[in-house]
Every structure is written in structure tokens, then in C-alpha cells.
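Raw contents of data-v1.txt, compact mmCIF, C-alpha atoms:
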# COMPACT_ATOMS: atom_id res chain seq x y z
CA MET V 266 201.28 62.61 110.10
CA THR V 267 200.32 59.19 108.83
CA MET V 268 197.31 57.14 109.69
CA ASP V 269 197.51 53.51 110.66
CA PRO V 270 196.00 51.03 108.16
CA GLN V 271 193.09 50.23 110.50
CA SER V 272 192.04 53.92 110.65
CA GLU V 273 192.19 54.18 106.87
CA THR V 274 190.03 51.07 106.58
CA ASP V 275 187.54 52.49 109.09
CA ILE V 276 187.31 55.76 107.12
CA THR V 277 186.84 53.87 103.85
CA VAL V 278 184.07 51.72 105.38
CA ALA V 279 182.37 54.79 106.89
CA THR V 280 182.59 56.66 103.58
CA GLY V 281 181.15 53.64 101.75
CA ALA V 282 178.23 53.38 104.18
CA ALA V 283 177.54 57.11 104.02
CA THR V 284 177.64 57.19 100.24
CA GLY V 285 175.39 54.12 100.18
CA TRP V 286 172.70 56.12 101.98
CA VAL V 287 173.26 59.08 99.67
CA ILE V 288 172.93 56.80 96.65
CA ALA V 289 169.67 55.38 98.04
CA LEU V 290 168.38 58.90 98.65
CA SER V 291 169.33 59.98 95.14
CA VAL V 292 167.55 56.98 93.59
CA GLY V 293 164.46 57.85 95.68
CA LEU V 294 164.60 61.44 94.43
CA ILE V 295 164.91 60.22 90.84
CA LEU V 296 161.89 57.91 91.23
CA LEU V 297 159.79 60.65 92.89
CA GLY V 298 160.81 63.03 90.12
CA MET V 299 159.74 60.59 87.41
CA ALA V 300 156.38 60.01 89.12
CA SER V 301 155.82 63.77 89.43
CA ILE V 302 156.64 64.31 85.76
CA VAL V 303 154.15 61.63 84.70
CA MET V 304 151.41 62.91 87.05
CA PRO V 305 152.06 66.60 87.81
CA GLY V 306 148.53 67.39 88.99
CA VAL V 307 148.52 64.45 91.35
CA ALA V 308 151.97 65.42 92.64
CA LEU V 309 150.84 68.96 93.46
CA ALA V 310 147.59 67.76 95.03
CA LEU V 311 149.40 65.20 97.20
CA PHE V 312 151.99 67.77 98.19
CA THR V 313 149.28 70.29 99.15
CA VAL V 314 147.40 67.73 101.26
CA LEU V 315 150.62 66.47 102.87
CA VAL V 316 151.73 69.97 103.85
CA GLY V 317 148.21 70.73 105.12
CA TRP V 318 148.24 67.69 107.40
CA ILE V 319 151.78 68.38 108.61
CA ALA V 320 150.87 71.97 109.49
CA LEU V 321 147.59 70.94 111.14
CA VAL V 322 149.09 68.18 113.28
CA GLY V 323 152.20 70.24 114.06
CA GLY V 324 150.03 73.17 115.09
CA ILE V 325 147.92 71.01 117.39
CA PHE V 326 151.04 69.61 119.06
CA GLN V 327 152.44 73.13 119.43
CA ILE V 328 149.20 74.31 121.07
CA ILE V 329 149.36 71.38 123.49
CA GLN V 330 153.02 72.12 124.18
CA SER V 331 152.26 75.79 124.86
CA PHE V 332 150.25 74.85 127.93
CA LYS V 333 153.24 72.96 129.30
CA ALA V 334 155.48 76.05 129.10
CA ARG V 335 156.61 77.42 132.43
CA ALA V 336 157.01 81.06 131.44
CA LEU V 337 153.87 83.01 130.53
CA ARG V 338 155.55 84.80 127.59
CA SER V 339 156.77 81.49 126.23
CA MET V 340 153.30 80.02 126.55
CA TRP V 341 151.60 82.80 124.58
CA LEU V 342 154.18 82.88 121.78
CA THR V 343 154.04 79.11 121.36
CA LEU V 344 150.25 79.18 121.50
CA VAL V 345 150.01 81.88 118.80
CA VAL V 346 152.42 80.04 116.49
CA GLY V 347 150.52 76.79 117.08
CA VAL V 348 147.21 78.47 116.22
CA PHE V 349 148.72 79.90 113.01
CA TYR V 350 150.02 76.47 111.99
CA THR V 351 146.67 74.85 112.78
CA VAL V 352 144.69 77.45 110.82
CA ALA V 353 147.10 77.26 107.86
CA GLY V 354 146.94 73.46 107.82
CA PHE V 355 143.15 73.45 108.05
CA TYR V 356 142.91 76.08 105.29
CA SER V 357 145.21 74.00 103.06
CA LEU V 358 143.00 70.96 103.52
CA VAL V 359 139.72 72.86 103.00
CA ASN V 360 140.96 75.02 100.07
CA PRO V 361 143.49 72.88 98.22
CA VAL V 362 143.28 74.82 94.93
CA LYS V 363 144.05 78.19 96.57
CA SER V 364 146.75 76.53 98.65
CA ALA V 365 148.25 74.99 95.52
CA ALA V 366 148.41 78.47 93.94
CA VAL V 367 150.28 79.77 96.99
CA PHE V 368 152.60 76.77 96.89
CA ALA V 369 153.19 77.37 93.18
CA LEU V 370 154.31 80.95 93.90
CA ALA V 371 156.47 79.81 96.82
CA PHE V 372 158.05 77.06 94.74
CA GLY V 373 158.72 79.45 91.88
CA LEU V 374 160.67 81.66 94.27
CA LEU V 375 162.33 78.60 95.83
CA PHE V 376 163.41 77.26 92.43
CA ILE V 377 164.94 80.63 91.55
CA ALA V 378 166.90 80.69 94.82
CA GLU V 379 167.88 77.02 94.53
CA GLY V 380 169.04 77.52 90.95
CA ILE V 381 171.27 80.45 91.89
CA VAL V 382 172.77 78.62 94.89
CA THR V 383 173.29 75.40 92.91
CA ILE V 384 175.05 77.25 90.09
CA ALA V 385 177.32 78.95 92.61
CA MET V 386 177.93 75.61 94.34
CA ALA V 387 178.93 73.97 91.05
CA PHE V 388 181.82 76.40 90.71
CA THR V 389 182.88 76.55 94.37
CA HIS V 390 182.44 72.99 95.70
CA LYS V 391 183.74 70.56 93.15
CA ALA V 392 182.38 67.09 93.93
CA GLY V 393 184.56 65.24 91.51
CA ARG V 394 185.80 67.26 88.56
CA SER V 395 183.64 65.39 86.07
CA MET V 396 180.41 66.02 88.02
CA SER V 397 180.57 69.82 88.38
CA TRP V 398 179.01 70.31 84.97
CA LEU V 399 175.98 68.20 86.00
CA VAL V 400 175.50 70.30 89.14
CA ALA V 401 175.74 73.50 87.04
CA ILE V 402 173.17 72.19 84.52
CA ASN V 403 170.87 71.28 87.42
CA GLY V 404 171.16 74.85 88.73
CA ILE V 405 170.54 76.46 85.34
CA ILE V 406 167.46 74.33 84.63
CA THR V 407 166.10 74.88 88.14
CA LEU V 408 166.57 78.65 87.74
CA ILE V 409 164.76 78.61 84.38
CA LEU V 410 161.92 76.54 85.87
CA GLY V 411 161.52 79.04 88.71
CA ILE V 412 161.31 81.96 86.28
CA LEU V 413 158.72 80.10 84.17
CA VAL V 414 156.57 79.33 87.23
CA ILE V 415 156.59 82.99 88.31
CA ASN V 416 155.75 84.14 84.76
CA ARG V 417 152.80 81.71 84.47
CA TRP V 418 151.43 82.22 87.99
CA PRO V 419 148.68 81.60 89.08
CA ILE V 420 146.68 79.81 86.36
CA GLY V 421 149.43 78.23 84.28
CA ALA V 422 151.59 77.45 87.28
CA MET V 423 149.06 75.12 88.88
CA TRP V 424 149.90 72.05 86.80
CA LEU V 425 153.37 73.25 85.82
CA ILE V 426 154.54 73.26 89.41
CA GLY V 427 154.03 69.49 89.75
CA LEU V 428 155.91 68.96 86.50
CA TYR V 429 158.70 71.31 87.50
CA LEU V 430 158.90 69.78 90.95
CA GLY V 431 159.37 66.43 89.24
CA ILE V 432 162.09 67.76 86.96
CA SER V 433 163.88 69.38 89.88
CA LEU V 434 163.68 66.18 91.96
CA LEU V 435 164.95 64.15 89.02
CA LEU V 436 167.90 66.47 88.36
CA SER V 437 168.70 66.83 92.07
CA GLY V 438 168.70 63.05 92.40
CA ALA V 439 170.93 62.65 89.33
CA SER V 440 173.44 65.27 90.50
CA LEU V 441 173.44 63.83 94.04
CA LEU V 442 173.99 60.36 92.61
CA GLY V 443 176.89 61.63 90.51
CA ALA V 444 178.47 63.35 93.51
CA ALA V 445 178.06 60.23 95.69
CA LEU V 446 179.59 57.98 93.05
CA ALA V 447 182.49 60.41 92.61
CA ALA V 448 183.06 60.51 96.39
CA ARG V 449 182.94 56.72 96.58
CA LYS V 450 185.44 56.46 93.71
CA GLU V 451 187.82 58.95 95.36
CA ALA V 452 187.58 57.11 98.71
CA ALA V 453 188.44 53.78 97.10
For this file, produce the structure as C-alpha cells.
Amino acid sequence: MTMDPQSETDITVATGAATGWVIALSVGLILLGMASIVMPGVALALFTVLVGWIALVGGIFQIIQSFKARALRSMWLTLVVGVFYTVAGFYSLVNPVKSAAVFALAFGLLFIAEGIVTIAMAFTHKAGRSMSWLVAINGIITLILGILVINRWPIGAMWLIGLYLGISLLLSGASLLGAALAARKEAA
């Protein structure tokens, strides 16, 4: 089955547009990673406050939504979840240091899981043969960072988590950029 030239051109244009967005995202991740590496304490503080506000506002909206539910069971479940989100968001904003310690532990576990999955992905989903090694290195470093965060938790992990978050964002952006460039090259 062959495709007509117009369809091939449409696919190439669509692939180019999609990889353009992926390239922009990867550059954004690289820039955020560099900023987090330079200012790890600020990165963790901003992250803690951002998550606190998201949980607080999301919880309030969920509480409001619970009163619009038609079924009583649905209303109570949504209300309880909304209250939990609201309390967690408020707590994060009032106690940012304790919240940062919890986030450090959660990110340590997340980095371990991400590292394992990324390493596996490097050997199963080859995004351009020359880029698989970069994905594998990203996974190995992310796994090591996760183990270090868990070993230094809670005191040492407080500032390390912002630094490690920056390194992970930087490496994720670099590997995503490499994969997007490889996909764009193969589509051309």
C-alpha cells in the first residue's frame, strides 16, 4: 500500500509541527533545570508554594462541585476529597518547611521510579539509535539522585531536592530534545 505524495507531505508537516512543540518543551525544561541548579532552595520553596496553592484552589473547587452532585454518595465522596485537598494545600502554605520535607521524600521515591522506568525505556523504545545512550544516562543519574535524596532525608534533602530537581529537568529536557531532533531527522 502506497501513500499519495500529498498524504506524505501532510504527515511530514504534522511531524514537523509536533516535534517543534516538543523541542520548545525540551528547551523550557532545560532552562527550568538550569535555574533550579543555580537556586535550589528557591526552586523547592516555589514548588512547595505552587503545589500548596494548586491543592488549596483545587480543593475549594471540588467542595463547590460536590454540592452540585445529584447523587448523595457522589456528593459526600467529592466533598471529603475536596476537604482533604483544601487542608493539604492550606497546610503546605502555612508550614512550607515541613511540606518541603514531605516533597523531598516523595521526590526521592519519584526519582527512583523515574530512573528505573527511563533506563528500561532506553533499551525498549529506541528514539533514534544514537539517542538511546542519552536516555539511559538520564535514567541512571535520576536513579542515583533518588537514592541520594532518600539517604539524606530529611535534613540534607531539603536543599538537595531543588538541585536534583534541576538536574533531572535538565537531563529530561536534553534527552527529550535529542529524541525530538532524531524524530524530525527520520521524518525528513
Within 12 Å of region 368-380 of chain V, which residues of region 327-362 of chain V show up? Give each one with its shortest atom-to-atom distance in Å (one decimal) and the two atoms involved, counting all atoms listed in the file, rows by chain then rising residue number, as a tab-separated table.
residue	atom	partner	partner_atom	distance
V:Ser357	CA	V:Phe368	CA	10.0
V:Pro361	CA	V:Phe368	CA	10.0
V:Val362	CA	V:Phe368	CA	9.7
Checklist entry - Which value, in Å to one decimal, gives the distance between CA of Lys450 (chain V) and CA of Leu399 (chain V)? => result 16.9 Å
Next on the checklist: Considering all atoms listed in the file, can you say which of V:Ala320, V:Val400, V:Leu410, V:Ile420 comes closest to Gly438 (chain V)?
Outcome noted: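 Closest candidate: V:Val400.
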Item to check | Top pick for closest residue to Glu451 (chain V), considering V:Thr284, V:Ser301, V:Ser433, V:Asn416 and counting all atoms listed in the file | outcome: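 Using all atoms listed in the file, the shortest distance to Glu451 (chain V) belongs to V:Thr284.
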Checklist entry - If you measure from CA of Leu358 (chain V) to CA of Thr313 (chain V), what distance in Å do you get, rounded to one decimal? => result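 The value is 7.7 Å.
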Next on the checklist: as a list in words, please: the residues near Gly427 (chain V) (cut-off 8 Å, only C-alpha atoms, same-chain neighbours under 3 positions excluded).
Outcome noted: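 Neighbouring residues, sequence-local ones excluded: Ser301, Ile302, Met304, Pro305, Gly306, Val307, Ala308, Leu309, Met423, Trp424, Leu430 and Gly431 of chain V.
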Item to check | CA of Ala439 (chain V) to CA of Ser364 (chain V), straight-line distance in Å | outcome: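 Separation of CA of Ser364 (chain V) and CA of Ala439 (chain V): 29.4 Å.
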Next on the checklist: Just checking: using all atoms listed in the file, which residue out of V:Pro419, V:Gly347, V:Gly404, V:Gly323 ends up closest to Lys363 (chain V)?
Outcome noted: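 Ranked by minimum distance to Lys363 (chain V), first place goes to V:Pro419.
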Shell around Val352 (chain V) at 12 Å using only C-alpha atoms, local window under 3 positions removed, as a tab-separated table (two decimals) with C-alpha atoms, in the coordinates of the input:
chain	number	residue	atom	x	y	z
V	317	GLY	CA	148.21	70.73	105.12
V	318	TRP	CA	148.24	67.69	107.40
V	319	ILE	CA	151.78	68.38	108.61
V	320	ALA	CA	150.87	71.97	109.49
V	321	LEU	CA	147.59	70.94	111.14
V	322	VAL	CA	149.09	68.18	113.28
V	323	GLY	CA	152.20	70.24	114.06
V	324	GLY	CA	150.03	73.17	115.09
V	325	ILE	CA	147.92	71.01	117.39
V	328	ILE	CA	149.20	74.31	121.07
V	345	VAL	CA	150.01	81.88	118.80
V	346	VAL	CA	152.42	80.04	116.49
V	347	GLY	CA	150.52	76.79	117.08
V	348	VAL	CA	147.21	78.47	116.22
V	349	PHE	CA	148.72	79.90	113.01
V	355	PHE	CA	143.15	73.45	108.05
V	356	TYR	CA	142.91	76.08	105.29
V	357	SER	CA	145.21	74.00	103.06
V	358	LEU	CA	143.00	70.96	103.52
V	359	VAL	CA	139.72	72.86	103.00
V	360	ASN	CA	140.96	75.02	100.07
Checklist entry - Of the candidates V:Ile384, V:Ala334, V:Val367, V:Leu425, which shows the shortest atom-to-atom distance to Ile405 (chain V), using only C-alpha atoms? => result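 Closest candidate: V:Ile384.
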